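Enquirer: final.txt is reproduced below (compact mmCIF, C-alpha atoms).
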```txt
# COMPACT_ATOMS: atom_id res chain seq x y z
CA MET A 265 -21.27 -347.24 216.42
CA ASP A 266 -23.52 -347.17 213.38
CA SER A 267 -26.50 -344.90 213.71
CA VAL A 268 -29.79 -346.47 212.73
CA LYS A 269 -31.63 -344.41 210.16
CA MET A 270 -35.40 -344.74 210.42
CA GLU A 271 -37.12 -344.87 207.06
CA VAL A 272 -40.05 -342.47 206.77
CA GLU A 273 -42.70 -343.22 204.17
CA ILE A 274 -45.30 -340.51 203.55
CA THR A 275 -48.14 -341.43 201.21
CA VAL A 276 -51.26 -339.57 200.12
CA ARG A 277 -54.30 -341.41 198.81
CA GLN A 278 -58.04 -340.99 198.27
CA ALA A 279 -59.93 -341.32 201.55
CA ASN A 280 -62.58 -344.01 201.91
CA GLU A 281 -65.19 -345.11 204.46
CA THR A 282 -62.59 -346.86 206.62
CA ASP A 283 -60.84 -343.51 207.21
CA PHE A 284 -63.81 -341.96 209.00
CA ILE A 285 -62.56 -342.26 212.60
CA ALA A 286 -59.18 -340.73 211.78
CA ILE A 287 -60.75 -337.87 209.82
CA TYR A 288 -63.37 -337.33 212.55
CA GLN A 289 -60.55 -336.96 215.09
CA PHE A 290 -58.65 -334.61 212.77
CA VAL A 291 -61.72 -332.36 212.33
CA ASN A 292 -62.24 -332.23 216.10
CA GLU A 293 -58.58 -331.24 216.57
CA LEU A 294 -58.78 -328.69 213.76
CA GLU A 295 -61.81 -326.97 215.28
CA GLY A 296 -60.88 -327.50 218.94
CA GLU A 297 -64.16 -329.15 219.84
CA VAL A 298 -65.79 -332.57 219.78
CA PHE A 299 -68.56 -332.82 217.20
CA GLU A 300 -71.49 -335.21 217.45
CA ILE A 301 -70.10 -338.30 215.71
CA ASN A 302 -73.26 -339.51 213.93
CA THR A 303 -73.92 -336.12 212.32
CA ILE A 304 -70.33 -335.90 211.07
CA LYS A 305 -70.42 -339.51 209.86
CA LYS A 306 -73.53 -338.87 207.73
CA ALA A 307 -71.93 -335.80 206.16
CA PHE A 308 -68.65 -337.68 205.58
CA GLU A 309 -70.39 -340.62 203.90
CA LEU A 310 -72.33 -338.29 201.58
CA ASN A 311 -69.29 -336.18 200.78
CA ILE A 312 -66.85 -338.95 199.85
CA LYS A 313 -69.41 -340.33 197.38
CA ASN A 314 -69.81 -336.94 195.67
CA THR A 315 -67.67 -336.89 192.53
CA ASN A 316 -67.23 -333.11 192.85
CA PHE A 317 -65.56 -333.52 196.25
CA ILE A 318 -61.98 -334.62 196.85
CA TYR A 319 -61.00 -336.22 200.16
CA LEU A 320 -57.36 -337.19 200.63
CA ILE A 321 -55.62 -338.76 203.59
CA ALA A 322 -51.90 -338.61 204.37
CA GLU A 323 -50.20 -341.55 206.02
CA LEU A 324 -46.82 -341.79 207.69
CA ASN A 325 -45.63 -345.39 207.70
CA LYS A 326 -49.27 -346.42 206.99
CA GLU A 327 -50.69 -344.44 209.97
CA PRO A 328 -53.08 -341.53 209.23
CA VAL A 329 -51.43 -338.19 210.08
CA GLY A 330 -53.46 -335.67 208.08
CA PHE A 331 -56.16 -335.01 205.53
CA ILE A 332 -57.59 -332.46 203.14
CA SER A 333 -61.10 -332.03 201.78
CA CYS A 334 -62.05 -329.95 198.76
CA HIS A 335 -65.42 -329.21 197.17
CA ALA A 336 -65.78 -328.19 193.52
CA GLN A 337 -68.61 -326.49 191.67
CA TYR A 338 -69.26 -324.53 188.50
CA LEU A 339 -69.38 -320.83 189.40
CA LEU A 340 -71.13 -318.21 187.34
CA HIS A 341 -68.83 -315.42 188.55
CA HIS A 342 -65.87 -317.46 187.24
CA SER A 343 -67.32 -317.66 183.70
CA GLY A 344 -68.93 -320.99 184.50
CA GLN A 345 -65.58 -322.65 185.23
CA LYS A 346 -65.20 -325.43 187.77
CA ILE A 347 -63.68 -323.91 190.94
CA ALA A 348 -62.74 -325.85 194.05
CA GLU A 349 -62.43 -324.70 197.63
CA ILE A 350 -60.42 -326.45 200.30
CA GLN A 351 -62.84 -327.00 203.19
CA GLU A 352 -60.58 -328.63 205.76
CA MET A 353 -56.89 -329.39 205.99
CA TYR A 354 -55.14 -330.85 209.00
CA VAL A 355 -51.79 -332.41 209.85
CA ASN A 356 -51.03 -333.76 213.32
CA PRO A 357 -48.93 -331.16 215.19
CA GLU A 358 -46.18 -333.72 215.90
CA ASN A 359 -45.91 -334.48 212.18
CA ARG A 360 -45.77 -330.92 210.89
CA LYS A 361 -42.68 -329.61 209.10
CA MET A 362 -42.18 -333.02 207.45
CA GLY A 363 -43.66 -332.01 204.10
CA ILE A 364 -47.00 -333.73 204.70
CA GLY A 365 -49.08 -330.61 204.06
CA LYS A 366 -47.16 -329.98 200.83
CA LYS A 367 -47.77 -333.56 199.70
CA LEU A 368 -51.50 -333.16 200.37
CA ILE A 369 -51.63 -329.88 198.40
CA ASP A 370 -49.53 -331.28 195.55
CA GLU A 371 -51.80 -334.32 195.19
CA LEU A 372 -54.88 -332.10 195.39
CA LYS A 373 -53.47 -329.89 192.61
CA ARG A 374 -52.76 -332.95 190.45
CA ILE A 375 -56.28 -334.36 190.90
CA ALA A 376 -57.87 -330.94 190.42
CA LYS A 377 -56.09 -330.43 187.08
CA GLN A 378 -57.06 -333.94 186.00
CA ASN A 379 -60.72 -333.11 186.83
CA GLY A 380 -60.81 -329.84 184.90
CA ILE A 381 -60.78 -327.59 187.94
CA ALA A 382 -59.61 -324.11 186.93
CA GLN A 383 -58.76 -322.72 190.37
CA LEU A 384 -58.28 -323.77 193.98
CA GLU A 385 -59.43 -321.49 196.79
CA VAL A 386 -59.06 -321.68 200.55
CA THR A 387 -60.45 -319.71 203.46
CA SER A 388 -58.44 -319.78 206.66
CA ASN A 389 -59.42 -318.35 210.03
CA LYS A 390 -57.57 -315.10 210.82
CA LYS A 391 -56.02 -316.69 213.93
CA ARG A 392 -54.29 -319.44 211.88
CA THR A 393 -51.23 -317.42 210.92
CA ASP A 394 -49.05 -320.53 210.47
CA SER A 395 -51.58 -321.81 207.94
CA HIS A 396 -51.50 -318.47 206.11
CA ARG A 397 -47.71 -318.71 205.75
CA PHE A 398 -48.08 -322.28 204.48
CA TYR A 399 -50.61 -321.34 201.79
CA LYS A 400 -48.48 -318.39 200.69
CA ARG A 401 -45.48 -320.74 200.35
CA GLU A 402 -47.68 -322.97 198.19
CA GLN A 403 -48.36 -320.01 195.86
CA PHE A 404 -51.90 -319.20 197.06
CA ILE A 405 -52.63 -315.47 196.83
CA ASN A 406 -54.72 -313.62 199.41
CA THR A 407 -57.34 -311.90 197.23
CA HIS A 408 -60.56 -311.87 199.31
CA GLU A 409 -62.10 -311.16 202.67
CA LYS A 410 -64.70 -313.65 203.92
CA PHE A 411 -67.77 -312.55 205.85
CA THR A 412 -70.07 -314.89 207.73
CA PHE A 413 -73.55 -314.63 209.22
CA GLU A 414 -74.76 -317.33 211.57
CA LEU A 415 -78.41 -318.31 211.13
CA LYS A 416 -79.72 -319.33 214.53
```
Would you mind writing the file out in structure tokens?
Expert:
Amino acid sequence: MDSVKMEVEITVRQANETDFIAIYQFVNELEGEVFEINTIKKAFELNIKNTNFIYLIAELNKEPVGFISCHAQYLLHHSGQKIAEIQEMYVNPENRKMGIGKKLIDELKRIAKQNGIAQLEVTSNKKRTDSHRFYKREQFINTHEKFTFELK
């Protein structure tokens, strides 16, 4: 009996307005809570129009399975260079270990270089140890501690 080999096509492209629902669901999964949809939609619509922000979506056989967002700015403490920080990155748990995260990072690196970005940064919650291993594999170096203060 011949075994049927299923073709897997992973693509990464710029996100657009039609990707909102998928990205909204990804953000809810990433943070483990359901955010108010209209607030997130307003932020999403503003962010994808900002030329200093990069939003990419990964598709598996044309179905959204992950995304990455990255915000860039010129930082004084980096000699005025353009530095970008990954804000969110998510891949569906059932689609992990397929190289989707790597494809997202590789495309982000390509676009960042093309846009004159000198460095990529990422902050990852201490509890996300799998994510830490992933970033280390992708040659990110742990150089900082992040402190937060909630203004309520």
Enquirer: Can you list every residue of region 354-400 of chain A that has an atom at most 10 Å from region 307-316 of chain A, with its nearest atom pair and the distance in Å to one decimal, using all atoms listed in the file, ordered by chain then number, as CSV?
Expert:
```
residue,atom,partner,partner_atom,distance
A:Ala376,CA,A:Asn316,CA,9.9
A:Asn379,CA,A:Asn316,CA,8.9
A:Ile381,CA,A:Asn316,CA,9.8
```
Enquirer: What's around Val276 (chain A) at 12 Å? Count only C-alpha atoms, leave out sequence neighbours fewer than 6 positions away in its own chain, and write the answer as a PyMOL selection string.
Expert: chain A and resi 319-332+363-372+374-375
Enquirer: With all atoms listed in the file as the counted atoms, please give the residues lying no more than 8 Å from Glu385 (chain A), apart from itself and same-chain residues fewer than 2 positions off, as a list in words.
Expert: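 After dropping sequence-adjacent residues, the list is Ile347, Ala348, Glu349, Ile350, Gln383, Thr387 and Phe404 of chain A.
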Enquirer: Do a neighbour search on Ile301 (chain A) at 12 Å with only C-alpha atoms, toss out local chain neighbours closer than 6 positions, and write the hits as a PyMOL selection string.
Expert: chain A and resi 284-289+291-292+307-308
Enquirer: For region 389-395 of chain A, list every protein, DNA or RNA residue within 10 Å, evaluated using all atoms listed in the file, and leave out those in the same chain fewer than 5 positions away; present the list as an MDAnalysis selection string.
Expert: chainID A and resid 353:354 365 400:401 410
Enquirer: Work out how far CA of Glu402 (chain A) is from CA of Glu297 (chain A), in Å to one decimal.
Expert: 27.9 Å
Enquirer: Can you work out the spacing between CA of Lys361 (chain A) and CA of Cys334 (chain A) in Å, to one decimal?
Expert: 22.0 Å
Enquirer: In Å, rounded to a single decimal, give me how far CA of His342 (chain A) is from CA of Thr412 (chain A).
Expert: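 Separating CA of Thr412 (chain A) from CA of His342 (chain A) is a distance of 21.1 Å.
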Enquirer: Using only C-alpha atoms, which residues sit within 6 Å of Lys346 (chain A) once same-chain residues fewer than 3 positions away are excluded, as a list in words?
Expert: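 Result of the neighbour search: Gln337, Tyr338, Ile381 and Ala382 of chain A.
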Enquirer: My list of candidates is A:Lys305, A:Gln403, A:Asn359, A:Val298. Which is closest to Leu384 (chain A) when distances are computed with all atoms listed in the file?
Expert: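 Closest to Leu384 (chain A), using all atoms listed in the file: A:Gln403.
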Enquirer: Which of these residues is nearest to Asn356 (chain A), using all atoms listed in the file: A:Asn302, A:His341, A:His396, A:Phe290?
Expert: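 Closest residue, counting all atoms listed in the file: A:Phe290.
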